[in-house]
Amino acid sequence: MPPVEPAPTLVVLDLVGIFVFAISGALVAVRKELDLFAVLVLAGTTGLGGGFLRDVLIDATPPAALADWRYLLVPVGAGLLTFAFHPTLGRMERLVTVFDAFGLALFCVAGALKAVDYGLGPLPAALLGMVTGIGGGMVRDVLAGRVPIIFRGELYATPALAGAMVAVLMERGGLPVVVAALTGATVCLAWRLLAVWRDWQAPLPRGSASV
Amino acid sequence: MPPVEPAPTLVVLDLVGIFVFAISGALVAVRKELDLFAVLVLAGTTGLGGGFLRDVLIDATPPAALADWRYLLVPVGAGLLTFAFHPTLGRMERLVTVFDAFGLALFCVAGALKAVDYGLGPLPAALLGMVTGIGGGMVRDVLAGRVPIIFRGELYATPALAGAMVAVLMERGGLPVVVAALTGATVCLAWRLLAVWRDWQAPLPRGSASV
Amino acid sequence: MPPVEPAPTLVVLDLVGIFVFAISGALVAVRKELDLFAVLVLAGTTGLGGGFLRDVLIDATPPAALADWRYLLVPVGAGLLTFAFHPTLGRMERLVTVFDAFGLALFCVAGALKAVDYGLGPLPAALLGMVTGIGGGMVRDVLAGRVPIIFRGELYATPALAGAMVAVLMERGGLPVVVAALTGATVCLAWRLLAVWRDWQAPLPRGSASV
């Protein structure tokens, strides 16, 4: 199935999401006192990794990011910016978290709807939407030598899965794509921001774990 | 090449293998005191990771697990079960190891024969069979932040490679697929169980390693 | 696009690069006191990982290494050799570094030109060349449980990106492929060897990183 040419608005939103994710990757590299190259690689893998994982799994290769130079320049720009101004960016952590929630909302919905376009069923499509949203951060954490932060009780993947599911089901139900996408993204965004604000945690296993 | 529709027995065996591997992944997450989401993700990647790696490398995308909801529900079920009953499961470690050996035997043979179906030669097909068997556990350990346990002297990959090799060569030699598969799986299973029972170890490098 | 049949000289150079990279992977495993199997797996992933990543991203699957047994035997040979003679190889560290620079120069150029053959633009092709050169080492370090060494101030990826870029631009400019490849490889090799010799480092972020 040929990929559909995305609308300009979607491309802009996509690039914003990549930019925000790339900054979060670059900040991890700066805090681990890694060098400029590591900053750029972690910016790139965090911004683009989720989409790469999705595209490889649904056979939409080469990934869009490799066929469009804007997708490559955005993480480079985010990495250089972080490298130069990281003390300022570090102080704006709350703002970065909010932007990151926007990126997550956008990616999970866009990823799920792309998987639907490539012929996947609703459940796998929603899961691939979640992978698109959380994949970049997981690759970032593995490369930076730490257990993925989304495993540590943060409510991060659940909102992404919920948003992707809502978007897929509404689109299946015959609603216009733009309505499905906006509703799914809003569900993900609201849930994620509430989780940050209220400090909601994912449940931990009961009792002593080291049996 | 279109994938052949697998027989119902094979699908059931496949799901059993995924279930057992998923439990081993979920147990690692529980012991590291990770949250429910991490338990589900590690259950999923351990159960499905090896097959995903194989399918991406032989271009059998999207992987079967993304086109069949049973392949997705089995690791979720295994993860929830482990999350709820981990003290009991932890005490049955020996049983889990035995089931895991069945999973390994099944995956290495199924993976190798699928690679043959997609046109690969005997040696690469056997290697992909091994990757199918051990890949999920390797992804699990990397995500959980530890060196893959199969690197630590456990005799785990060698039985998988041997079983895959036997199955591929017998199928090449004109024997019925079911005979080749059963013999290969038996070789892998017997070797692995003997290694567990007798505590066989893979050889370690001689002398001081930190030259 | 069908892959072009590579010239015999290129195959030999490719195998030399895989051999050298495989030795570096096997040495890491030996130093971590991992077992024989880990030595072989790290030899294989370091030697072949970069090419696998590239081939999966440009959809050149199954990767060449899975269709040609020589590509599989070379890392096995390198792993066995390292396992047997690691004290000697460990003393030849400087020599291994020089050979590794040759491998890097070769891989970045070959990877970039292959990506061009598969229809990618100059910037993505150069990036994939860099990924081909550095990917194996990154997978090695993640599997061995350490932050990729190329993140630790070593000037390693920049020469690879530069060499790949030079080769792609010269080939685009109409020069014969062999001239483009040799010039690109020379740029990468010279820069990398100078960086080793002069102990050049990639820039680190200013000031306290733990904001």
# chains A, B, ... in the order shown; residues from 1 in each chain; ligands from 1

$ interface_residues --of "chain A" --to "chain C" --cutoff "7 Å" --atoms "only C-alpha atoms" --output "list of chain:residue names"
A:Val30, A:Arg31, A:Glu33, A:Leu34, A:Asp35, A:Leu36, A:Phe37, A:Ala38, A:Val56, A:Thr61, A:Pro62, A:Pro63, A:Leu66, A:Ala67, A:Phe83, A:Pro87, A:Gly90, A:Leu143, A:Ala144, A:Gly145

$ write_last_selection --atoms "N, CA, C and O atoms" --output "short mmCIF file (atom, residue, chain, number, x, y, z; two decimals), in the first residue's frame"
data_model
loop_
_atom_site.label_atom_id
_atom_site.label_comp_id
_atom_site.auth_asym_id
_atom_site.auth_seq_id
_atom_site.Cartn_x
_atom_site.Cartn_y
_atom_site.Cartn_z
N VAL A 30 23.31 15.38 27.98
CA VAL A 30 24.05 16.45 28.64
C VAL A 30 24.22 16.15 30.12
O VAL A 30 25.29 16.34 30.70
N ARG A 31 23.16 15.62 30.75
CA ARG A 31 23.24 15.35 32.19
C ARG A 31 24.17 14.20 32.51
O ARG A 31 24.72 14.12 33.61
N GLU A 33 26.87 13.94 31.03
CA GLU A 33 28.15 14.52 30.63
C GLU A 33 28.74 13.80 29.42
O GLU A 33 29.96 13.60 29.34
N LEU A 34 27.87 13.38 28.50
CA LEU A 34 28.35 12.78 27.25
C LEU A 34 28.75 13.91 26.29
O LEU A 34 28.48 15.08 26.54
N ASP A 35 29.41 13.54 25.19
CA ASP A 35 29.94 14.58 24.31
C ASP A 35 28.91 15.03 23.28
O ASP A 35 27.79 14.54 23.23
N LEU A 36 29.33 16.01 22.46
CA LEU A 36 28.41 16.61 21.48
C LEU A 36 27.79 15.56 20.57
O LEU A 36 26.60 15.62 20.24
N PHE A 37 28.60 14.61 20.14
CA PHE A 37 28.07 13.60 19.23
C PHE A 37 26.97 12.79 19.91
O PHE A 37 25.92 12.50 19.33
N ALA A 38 27.21 12.41 21.16
CA ALA A 38 26.19 11.66 21.90
C ALA A 38 24.91 12.48 22.04
O ALA A 38 23.80 11.94 21.97
N VAL A 56 9.52 0.06 10.45
CA VAL A 56 10.16 -1.23 10.17
C VAL A 56 9.16 -2.37 10.38
O VAL A 56 9.10 -3.32 9.60
N THR A 61 9.18 0.99 4.78
CA THR A 61 10.59 1.40 4.68
C THR A 61 10.90 1.89 3.27
O THR A 61 10.31 1.40 2.33
N PRO A 62 11.88 2.79 3.08
CA PRO A 62 12.60 3.50 4.16
C PRO A 62 11.67 4.44 4.92
O PRO A 62 10.77 5.01 4.31
N PRO A 63 11.90 4.59 6.23
CA PRO A 63 11.05 5.47 7.03
C PRO A 63 10.98 6.88 6.46
O PRO A 63 11.95 7.34 5.84
N LEU A 66 13.82 9.29 6.58
CA LEU A 66 15.01 9.16 5.73
C LEU A 66 14.76 9.69 4.33
O LEU A 66 15.67 9.75 3.52
N ALA A 67 13.53 10.04 4.02
CA ALA A 67 13.23 10.52 2.67
C ALA A 67 12.93 12.02 2.68
O ALA A 67 12.61 12.59 1.65
N PHE A 83 22.66 21.54 23.58
CA PHE A 83 24.08 21.57 23.91
C PHE A 83 24.50 22.97 24.35
O PHE A 83 25.25 23.13 25.32
N PRO A 87 21.68 24.78 30.55
CA PRO A 87 21.28 25.23 31.90
C PRO A 87 19.90 25.88 31.90
O PRO A 87 19.07 25.61 32.76
N GLY A 90 17.26 23.20 31.29
CA GLY A 90 17.12 22.39 32.49
C GLY A 90 16.19 23.02 33.50
O GLY A 90 15.45 22.33 34.21
N LEU A 143 20.29 3.32 25.34
CA LEU A 143 21.59 3.82 24.89
C LEU A 143 22.30 4.59 26.00
O LEU A 143 23.54 4.56 26.09
N ALA A 144 21.55 5.26 26.85
CA ALA A 144 22.16 6.03 27.93
C ALA A 144 22.47 5.16 29.14
O ALA A 144 22.96 5.64 30.15
N GLY A 145 22.19 3.84 29.03
CA GLY A 145 22.60 2.93 30.09
C GLY A 145 21.70 2.98 31.32
O GLY A 145 22.18 2.82 32.44
#

$ residues_around --residues "Thr82 of chain B" --least-positions-apart "2" --cutoff "9 Å" --atoms "only C-alpha atoms" --output "PDB file with N, CA, C and O atoms, in the first residue's frame"
ATOM      1  N   ILE B  23       6.011 -15.237  30.709  1.00  0.00           N
ATOM      2  CA  ILE B  23       6.094 -15.343  32.169  1.00  0.00           C
ATOM      3  C   ILE B  23       7.513 -15.061  32.653  1.00  0.00           C
ATOM      4  O   ILE B  23       7.726 -14.348  33.638  1.00  0.00           O
ATOM      5  N   SER B  24       8.510 -15.577  31.930  1.00  0.00           N
ATOM      6  CA  SER B  24       9.892 -15.342  32.364  1.00  0.00           C
ATOM      7  C   SER B  24      10.212 -13.852  32.296  1.00  0.00           C
ATOM      8  O   SER B  24      10.902 -13.310  33.163  1.00  0.00           O
ATOM      9  N   ALA B  26       7.976 -11.374  32.591  1.00  0.00           N
ATOM     10  CA  ALA B  26       7.225 -10.690  33.640  1.00  0.00           C
ATOM     11  C   ALA B  26       7.887 -10.903  35.003  1.00  0.00           C
ATOM     12  O   ALA B  26       7.912  -9.991  35.845  1.00  0.00           O
ATOM     13  N   LEU B  27       8.433 -12.092  35.242  1.00  0.00           N
ATOM     14  CA  LEU B  27       9.095 -12.353  36.531  1.00  0.00           C
ATOM     15  C   LEU B  27      10.307 -11.442  36.730  1.00  0.00           C
ATOM     16  O   LEU B  27      10.550 -10.950  37.839  1.00  0.00           O
ATOM     17  N   VAL B  30       8.967  -8.092  37.779  1.00  0.00           N
ATOM     18  CA  VAL B  30       8.460  -8.096  39.150  1.00  0.00           C
ATOM     19  C   VAL B  30       9.623  -8.063  40.140  1.00  0.00           C
ATOM     20  O   VAL B  30       9.598  -7.344  41.140  1.00  0.00           O
ATOM     21  N   VAL B  39       5.833  -4.746  33.592  1.00  0.00           N
ATOM     22  CA  VAL B  39       5.573  -6.182  33.594  1.00  0.00           C
ATOM     23  C   VAL B  39       4.965  -6.603  32.257  1.00  0.00           C
ATOM     24  O   VAL B  39       5.400  -7.588  31.633  1.00  0.00           O
ATOM     25  N   GLY B  77      -2.042 -11.765  29.084  1.00  0.00           N
ATOM     26  CA  GLY B  77      -2.531 -12.677  30.113  1.00  0.00           C
ATOM     27  C   GLY B  77      -1.406 -13.178  31.004  1.00  0.00           C
ATOM     28  O   GLY B  77      -1.529 -13.191  32.241  1.00  0.00           O
ATOM     29  N   ALA B  78      -0.302 -13.561  30.393  1.00  0.00           N
ATOM     30  CA  ALA B  78       0.839 -14.048  31.178  1.00  0.00           C
ATOM     31  C   ALA B  78       1.349 -12.961  32.116  1.00  0.00           C
ATOM     32  O   ALA B  78       1.697 -13.240  33.273  1.00  0.00           O
ATOM     33  N   GLY B  79       1.385 -11.716  31.621  1.00  0.00           N
ATOM     34  CA  GLY B  79       1.858 -10.613  32.448  1.00  0.00           C
ATOM     35  C   GLY B  79       0.941 -10.348  33.640  1.00  0.00           C
ATOM     36  O   GLY B  79       1.410 -10.189  34.779  1.00  0.00           O
ATOM     37  N   LEU B  80      -0.367 -10.324  33.396  1.00  0.00           N
ATOM     38  CA  LEU B  80      -1.313 -10.071  34.495  1.00  0.00           C
ATOM     39  C   LEU B  80      -1.245 -11.195  35.531  1.00  0.00           C
ATOM     40  O   LEU B  80      -1.244 -10.953  36.741  1.00  0.00           O
ATOM     41  N   ALA B  84      -0.147 -10.817  39.465  1.00  0.00           N
ATOM     42  CA  ALA B  84      -1.029 -11.172  40.581  1.00  0.00           C
ATOM     43  C   ALA B  84      -0.440 -12.293  41.444  1.00  0.00           C
ATOM     44  O   ALA B  84      -0.564 -12.270  42.668  1.00  0.00           O
ATOM     45  N   PHE B  85       0.170 -13.273  40.820  1.00  0.00           N
ATOM     46  CA  PHE B  85       0.575 -14.477  41.562  1.00  0.00           C
ATOM     47  C   PHE B  85       2.079 -14.681  41.611  1.00  0.00           C
ATOM     48  O   PHE B  85       2.545 -15.820  41.705  1.00  0.00           O
ATOM     49  N   HIS B  86       2.873 -13.604  41.553  1.00  0.00           N
ATOM     50  CA  HIS B  86       4.314 -13.809  41.426  1.00  0.00           C
ATOM     51  C   HIS B  86       4.944 -14.576  42.585  1.00  0.00           C
ATOM     52  O   HIS B  86       5.905 -15.320  42.355  1.00  0.00           O
ATOM     53  N   PRO B  87       4.455 -14.467  43.842  1.00  0.00           N
ATOM     54  CA  PRO B  87       5.131 -15.283  44.867  1.00  0.00           C
ATOM     55  C   PRO B  87       5.012 -16.781  44.569  1.00  0.00           C
ATOM     56  O   PRO B  87       5.993 -17.525  44.689  1.00  0.00           O
ATOM     57  N   THR B  88       3.809 -17.226  44.134  1.00  0.00           N
ATOM     58  CA  THR B  88       3.629 -18.628  43.792  1.00  0.00           C
ATOM     59  C   THR B  88       4.501 -19.024  42.607  1.00  0.00           C
ATOM     60  O   THR B  88       5.202 -20.042  42.635  1.00  0.00           O
ATOM     61  N   LEU B  89       4.461 -18.189  41.544  1.00  0.00           N
ATOM     62  CA  LEU B  89       5.256 -18.497  40.355  1.00  0.00           C
ATOM     63  C   LEU B  89       6.745 -18.525  40.678  1.00  0.00           C
ATOM     64  O   LEU B  89       7.496 -19.333  40.141  1.00  0.00           O
TER      65      LEU B  89
END

$ closest_residue --among "A:Ala105, A:Ala181, A:Met130, A:Val74" --to "Val41 of chain B" --atoms "only C-alpha atoms"
A:Met130

$ residues_around --residues "Asp100 of chain A" --least-positions-apart "5" --cutoff "10 Å" --atoms "only C-alpha atoms" --output "ChimeraX atom specification"
/A:16-24,94-95,105-106,189,192-193

$ residues_around --residues "Ala160 of chain B" --least-positions-apart "5" --cutoff "10 Å" --atoms "only C-alpha atoms" --output "count of residues only"
24

$ closest_residue --among "A:Val166, A:Leu13, A:Asp199, A:Ala180" --to "Phe99 of chain A" --atoms "only C-alpha atoms"
A:Leu13

$ atom_distance --atom1 "atom CA of Pro176 of chain A" --atom2 "atom CA of Gly111 of chain A"
16.8 Å

$ atom_distance --atom1 "atom CA of Pro75 of chain B" --atom2 "atom CA of Ala43 of chain B"
5.5 Å

$ select_by_dssp --residues "segment 61-148 of chain A" --states "alpha helix (DSSP H)" --output "ChimeraX atom specification"
/A:64-67,69-91,93-117,122-143
